[in-house]
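Note sheet for the following structure.
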Amino acid sequence: MGKKKLPLQGYDFYTGVLNLIPTTTEAYIKCGKCPETIVKRRKHELRDLYKKMLLSSISYRLTEIQQRQFPTENEVLVFIVQYFISKKDYDSTDLDNMAKTILDILKGQLYSDDRQVRVLLILKKMIDKLIPQNYTFIAVKELKDDKDSTLTQVAGIERSISEYHETRKRA
C-alpha cells in the first residue's frame with residue numbers, strides 16, 4: 001500500500017496491455033485476367049476487442065494520474081513497444097500496421113488528430129526474462145521544444161518494463 005510508484009520518466013502518459021496489437025491483414029489476390037494484383041483488406045477479428053481493452057486502460061490511467069491535459073492540441077511524441085512471445089508473430093507483423101492501429105485508437109483520447117504526432121518511435125522486441133509474455137506499451141509526451149523528444153527516447157524501454165509489472169498486478 002505504501003509503495004511509491006515510479007515517476008513518468010519524461011512521459012505525460014503511459015499505459016500497457018497484455019496482448020499483441022492486432023493489425024489490418026492484407027490479402028493479395030492475383031486476378032488471371034487483370035493486369036495487376038488486387039489488394040483486399042480485412043480487419044483482424046481481435047481489433048475491436050483490443051481497442052476496447054486499450055481504451056479501458058487509457059481511461060483508467062488518465063483517472064489514476066489525474067491528467068487533465070488530454071486530448072491535447074499540441075504536437076506529441078508517441079512511443080510504442082510490442083513484446084512478442086512468438087517468433088512467427090514477430091516476423092509477420094509490420095511496424096507500420098502496428099502504428100496505424102495504435103494511432104487510430106489514441107486519436108481523440110490523447111490528441112485530436114494524427115497530424116499532431118511529430119515523433120513516432122515504435123519497436124518490436126522478442127520477450128525476455130523481464131517481460132515473459134505478449135505485451136504492448138504505449139507512452140505519449142506533449143512536446144514543448146526539441147529537447148523533449150531526446151529525453152523521452154532514452155527512458156522508453158525501462159518505463160515499459162516497469163509498467164508491464166504494474167499491468168500484471170492489475171490483471
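Note on naming: chains are A, B, ... as they come in the C-alpha cells, residues start from 1 per chain, ligands start from 1 in the order shown.
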(request) Name the residues of range 16-144 of chain A that fall into helix (DSSP H, G or I) according to DSSP on the backbone, using the chain letters and numbers of this document, as a ChimeraX atom specification. (result) /A:47-65,87-92,95-106,114-116
So that I have them on file, write out the residues from the current selection with N, CA and C atoms, as a compact mmCIF listing (two decimals), in the first residue's frame.
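And here is the file that came out, part_5.txt:
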```txt
# COMPACT_ATOMS: atom_id res chain seq x y z
N ARG A 47 -9.34 -6.94 -33.40
CA ARG A 47 -9.06 -5.50 -33.36
C ARG A 47 -10.04 -4.73 -32.47
N ASP A 48 -11.33 -5.03 -32.60
CA ASP A 48 -12.33 -4.32 -31.79
C ASP A 48 -12.17 -4.63 -30.30
N LEU A 49 -11.86 -5.88 -29.97
CA LEU A 49 -11.64 -6.27 -28.58
C LEU A 49 -10.40 -5.58 -28.03
N TYR A 50 -9.34 -5.54 -28.81
CA TYR A 50 -8.11 -4.88 -28.40
C TYR A 50 -8.37 -3.39 -28.17
N LYS A 51 -9.11 -2.77 -29.08
CA LYS A 51 -9.43 -1.34 -28.95
C LYS A 51 -10.18 -1.08 -27.65
N LYS A 52 -11.13 -1.94 -27.35
CA LYS A 52 -11.90 -1.80 -26.11
C LYS A 52 -10.99 -1.92 -24.88
N MET A 53 -10.08 -2.91 -24.89
CA MET A 53 -9.14 -3.10 -23.78
C MET A 53 -8.22 -1.89 -23.63
N LEU A 54 -7.70 -1.40 -24.75
CA LEU A 54 -6.77 -0.27 -24.69
C LEU A 54 -7.49 1.00 -24.24
N LEU A 55 -8.68 1.24 -24.73
CA LEU A 55 -9.44 2.42 -24.29
C LEU A 55 -9.75 2.36 -22.80
N SER A 56 -10.04 1.17 -22.30
CA SER A 56 -10.27 1.00 -20.87
C SER A 56 -9.00 1.30 -20.08
N SER A 57 -7.86 0.82 -20.58
CA SER A 57 -6.58 1.08 -19.93
C SER A 57 -6.24 2.56 -19.96
N ILE A 58 -6.51 3.23 -21.08
CA ILE A 58 -6.27 4.67 -21.20
C ILE A 58 -7.12 5.43 -20.20
N SER A 59 -8.39 5.08 -20.14
CA SER A 59 -9.31 5.75 -19.21
C SER A 59 -8.86 5.57 -17.77
N TYR A 60 -8.49 4.34 -17.41
CA TYR A 60 -8.01 4.04 -16.06
C TYR A 60 -6.77 4.86 -15.74
N ARG A 61 -5.82 4.88 -16.66
CA ARG A 61 -4.56 5.58 -16.42
C ARG A 61 -4.79 7.09 -16.32
N LEU A 62 -5.61 7.65 -17.18
CA LEU A 62 -5.88 9.09 -17.12
C LEU A 62 -6.51 9.47 -15.78
N THR A 63 -7.40 8.63 -15.28
CA THR A 63 -8.02 8.87 -13.98
C THR A 63 -6.99 8.72 -12.87
N GLU A 64 -6.16 7.67 -12.96
CA GLU A 64 -5.17 7.39 -11.93
C GLU A 64 -4.13 8.51 -11.79
N ILE A 65 -3.66 9.04 -12.90
CA ILE A 65 -2.63 10.07 -12.82
C ILE A 65 -3.22 11.48 -12.86
N LYS A 87 8.02 -16.04 -32.40
CA LYS A 87 8.90 -15.56 -33.48
C LYS A 87 8.11 -15.40 -34.78
N LYS A 88 7.14 -16.26 -34.99
CA LYS A 88 6.30 -16.19 -36.19
C LYS A 88 5.51 -14.87 -36.20
N ASP A 89 4.88 -14.52 -35.06
CA ASP A 89 4.16 -13.25 -34.97
C ASP A 89 5.12 -12.08 -35.14
N TYR A 90 6.29 -12.17 -34.52
CA TYR A 90 7.29 -11.11 -34.63
C TYR A 90 7.67 -10.88 -36.11
N ASP A 91 7.95 -11.97 -36.81
CA ASP A 91 8.38 -11.87 -38.20
C ASP A 91 7.27 -11.40 -39.14
N SER A 92 6.03 -11.72 -38.83
CA SER A 92 4.94 -11.42 -39.76
C SER A 92 4.22 -10.09 -39.47
N LEU A 95 5.63 -3.01 -38.68
CA LEU A 95 5.59 -1.85 -37.79
C LEU A 95 4.57 -0.82 -38.23
N ASP A 96 4.47 -0.56 -39.52
CA ASP A 96 3.54 0.47 -39.98
C ASP A 96 2.10 0.11 -39.66
N ASN A 97 1.75 -1.17 -39.75
CA ASN A 97 0.39 -1.60 -39.41
C ASN A 97 0.13 -1.50 -37.91
N MET A 98 1.15 -1.84 -37.10
CA MET A 98 1.02 -1.69 -35.65
C MET A 98 0.79 -0.22 -35.30
N ALA A 99 1.59 0.64 -35.89
CA ALA A 99 1.49 2.08 -35.61
C ALA A 99 0.11 2.61 -35.98
N LYS A 100 -0.40 2.23 -37.13
CA LYS A 100 -1.71 2.71 -37.59
C LYS A 100 -2.81 2.32 -36.60
N THR A 101 -2.79 1.08 -36.14
CA THR A 101 -3.79 0.62 -35.18
C THR A 101 -3.75 1.47 -33.91
N ILE A 102 -2.56 1.66 -33.35
CA ILE A 102 -2.42 2.42 -32.10
C ILE A 102 -2.77 3.88 -32.30
N LEU A 103 -2.26 4.49 -33.36
CA LEU A 103 -2.54 5.91 -33.60
C LEU A 103 -4.03 6.16 -33.78
N ASP A 104 -4.73 5.25 -34.43
CA ASP A 104 -6.19 5.38 -34.60
C ASP A 104 -6.90 5.34 -33.25
N ILE A 105 -6.45 4.47 -32.36
CA ILE A 105 -7.08 4.35 -31.04
C ILE A 105 -6.78 5.57 -30.17
N LEU A 106 -5.56 6.09 -30.25
CA LEU A 106 -5.17 7.24 -29.41
C LEU A 106 -5.83 8.54 -29.85
N ASP A 114 -4.03 12.86 -35.91
CA ASP A 114 -2.74 12.23 -36.19
C ASP A 114 -1.68 13.22 -36.64
N ARG A 115 -2.09 14.34 -37.23
CA ARG A 115 -1.12 15.34 -37.69
C ARG A 115 -0.31 15.93 -36.54
N GLN A 116 -0.79 15.78 -35.32
CA GLN A 116 -0.08 16.29 -34.15
C GLN A 116 1.11 15.41 -33.75
```
Set the distance at 12 Å and use only C-alpha atoms: which residues neighbour Tyr111 in chain A once local chain neighbours fewer than 2 positions away are removed? I'd like the list as a VMD selection string.
chain A and resid 13 69 to 78 103 to 109 113 to 118 140 to 143
Counting only C-alpha atoms, the residue among A:Thr93, A:Gln82, A:Arg68, A:Thr167 that lies closest to Ile127 in chain A is A:Gln82
In Å, how far is it from CA of Phe84 in chain A to CA of Leu120 in chain A?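 Computed distance, CA of Phe84 in chain A to CA of Leu120 in chain A, equals 19.7 Å.
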CA of Val17 in chain A to CA of Arg159 in chain A measures 13.7 Å
Original post:
What does the distance from CA of Glu158 in chain A to CA of Ile21 in chain A come to in Å, to one decimal?
Top reply: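 Taking CA of Glu158 in chain A as the start and CA of Ile21 in chain A as the end point, the length is 20.0 Å.
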- [ ] Check range 44-141 of chain A with DSSP on the backbone and list each residue it calls strand (DSSP E), as a PyMOL selection string.
- [x] chain A and resi 76-84+117-126+135-141
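With only C-alpha atoms as the atoms that count, the minimum distance from Glu166 in chain A to the choices A:Leu20, A:Gly10, A:Gln133, A:Thr15 is reached by A:Thr15.
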Ile131 in chain A proximity check over A:Glu163, A:Ala171, A:Thr23, A:Phe79, using only C-alpha atoms: winner is A:Glu163
